[in-house]
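The structure under discussion appears below in the form of structure tokens.
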Amino acid sequence: MIYENDRNASLSISDLIDRPAQGALSWLTEHVLSPAYNSGVVTPFNALTNAVNFGSNRLAGTDALPKLELVVREKEARFASIEWVAEHASAGLAAVIPYVLAGKVAGSVLNQTSNALALDGRLARVVGSATTHVVVGAMTLDGLRDVQPGESRIGNMLSGATAFGMFIAGNRVLKDIRASYLTAGRFALGAAASASAQTVSDVVSIGALPDANRLLSAMTSGGFMFAALAPAQHYIGRAIDKAEAKVVGSTTLQSFAVEHNLGVTASGAPRSQVLDLFSKELPSMRVATRAGSVGKNTIALDNELLARLNSSSPVERDAARNETARYLGEQLAAKYRSRHGISEATLTNTGIEAAIRQGRLKILVSDKDGVERPLMPAPENIGNNAIDVHLGAEVVRVPKGAIPADLCATPPKELIARWPTEVMSDKGIVLQPGEFILGITTERIVLPSGPDPKWNGNLPLLGEINSKSSVARVGLPIHQTAPVLNNGTNNRITLEIVNVNPTPLTLYPGMKIGSIVFRPLSGYPEGSQQPSHFSGQSTPTGLKMEGK
């Protein structure tokens, strides 16, 4: 372990009494700063130097970096004295940062490897695990550092794996104890882990058990280091993740989920079961933190959603977290399907939300000024695999006594153009048995053809509209063999409504009238896409475009 340090000393407490100011500074330098410098700067820097020089020697036959010198003292501190404790405490605490950095570097390399090899499932979970990152980082750092008397590289590597593996396993148990006891518990756990690590190192390196002095030195330094490790991993790790996000424009999925609390709601319920599942299957995925930062293994979020995640409103922020968790879950699932050649099926509720976020599906509703604005349907309007649509106020009644039409001589669009449009009042209209009208949804449905980079490889959609079950059961079908919303649709949807109930039925503007399911196409439409006669319709006749 790199907190091992020279235990020689030249000052004692008596020096502090005889020369208070100078003695205190010298004592601090001798028993605190020097051991910390050796452990926190010299040893990890030389480990890095060993790695760099190993490569440069094979490429150019020379060392690329010089090593730093350890601070060496002549006189050994008395065992268990204040000086002895100060040296081991400062050495242990100073070793925290190198180990945290080593774990972060190891995690980055392992995640890149996982992405390059397209790993998923159990192997991806092992490679992407924070435990793996920390243990591999410790093994690498201990294996690269200079070997001291009584050590070997393989012994050092096994020592690091033992200490950090034991501590991480034990720390999962400590998380349930009272906060006031947590630091003491971690100190004791770290001391035990370090004693085991020292034993492994000595048995492997020299074939003998460590003596009491060597064992207690490791326990003291290790206790202090591991007591500070977990908080350091949290705060230093977050600082590194934030810096990486600003420089690179993306961060790991795990870091993003932790920063924005995407795991569970305040009640403890998961924000997205899909995210829970696929974040374990593809743990090395990244999330873009600024526009344009996209890649094969990076999920992009739009700026509006990123801004809402940092909203000053707790309600808005929590809603954005739910939406983001669902969106990320769907994108992870899509990447998983892509890796395995699995096609999308009918979109679920979270799939619909993700499609809206991506722009594969747009739903617009007019505001009080008549301006159409995009919206995310309210939760009560999104079923397990469909969205609800509502009846608009405009309807078309076929005039009584209309002259019979010959559809060969009179094209349907000309016939429809003769029928007048009326606007329902809040009292609604009564539909007599057998009576047929044209209605229209309040929602405009837009299904872009694509492709679009924001879709992350997902496919364009088509829709299918049907009556709500409750409406159908009273004898009110809303379409007559024309349920499909083709890809490229950009309309309020005309409804062909007929009352097949033997009694009159009253319809009201704004009532739930139907639901739409969405399915992906098998690929992106190619060639010229001619708009239909009813493209862009905003009235039940669907002929607005022709009047332009």
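A note on labels: chains of the structure tokens are A, B, ... as shown, every chain counts residues from 1, and ligands are counted from 1 in their shown order.
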
Skip region 306-309 of chain A itself and residues of its chain fewer than 3 positions away, then list as an MDAnalysis selection string all residues within 10 Å of it, counting only C-alpha atoms.
chainID A and resid 260:261 288:291 301:303 312:314 316:324

Shell around Phe54 (chain A) at 8 Å using only C-alpha atoms, local window under 4 positions removed, as a PyMOL selection string:
chain A and resi 50+58+63

Filtering to C-alpha atoms, could you give me those residues as a PDB file, in the first residue's frame?
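Produced file selection03.pdb, reproduced below:
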```
ATOM      1  CA  ASN A  50       7.480   3.830 -14.034  1.00  0.00           C
ATOM      2  CA  ARG A  58      10.683   0.129 -25.480  1.00  0.00           C
ATOM      3  CA  ASP A  63      13.488   7.247 -19.767  1.00  0.00           C
TER       4      ASP A  63
END
```

Near Arg373 (chain A), counting only C-alpha atoms, which residues have an atom at most 10 Å away, once you skip same-chain residues fewer than 6 positions from it, shown as a ChimeraX atom specification?
/A:362-367,443-444

Any chance you could list, as a PyMOL selection string, the residues in region 234-357 of chain A that come up helix (DSSP H, G or I) when DSSP is run on the backbone?
chain A and resi 234-248+253-259+273-281+303-309+314-340+349-357

Please determine, counting only C-alpha atoms, which residue among A:Ala94, A:Pro374, A:Ser108, A:Ala208 has the shortest atom-to-atom distance to Thr251 (chain A).
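With only C-alpha atoms as the atom set, the closest residue is A:Ser108.
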
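Taking CA of Val264 (chain A) as the reference point, CA of Ala325 (chain A) is found at 9.4 Å.
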
Between A:Glu372, A:Asp388, A:Glu83, A:Glu281, which residue has the minimum interatomic distance to Ser469 (chain A), considering only C-alpha atoms?
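Under the stated criterion, the closest residue is A:Asp388.
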
Please identify which residues in region 358-528 of chain A DSSP calls strand (DSSP E) from the backbone, and express them as an MDAnalysis selection string.
chainID A and resid 362:366 372:374 387:390 394:397 421:423 429:431 436:446 461:467 484:485 490:498 505:507 512:520

What's the 6 Å shell around Ile465 (chain A), counting only C-alpha atoms, without same-chain residues fewer than 4 positions away, as an MDAnalysis selection string?
chainID A and resid 483 515:516
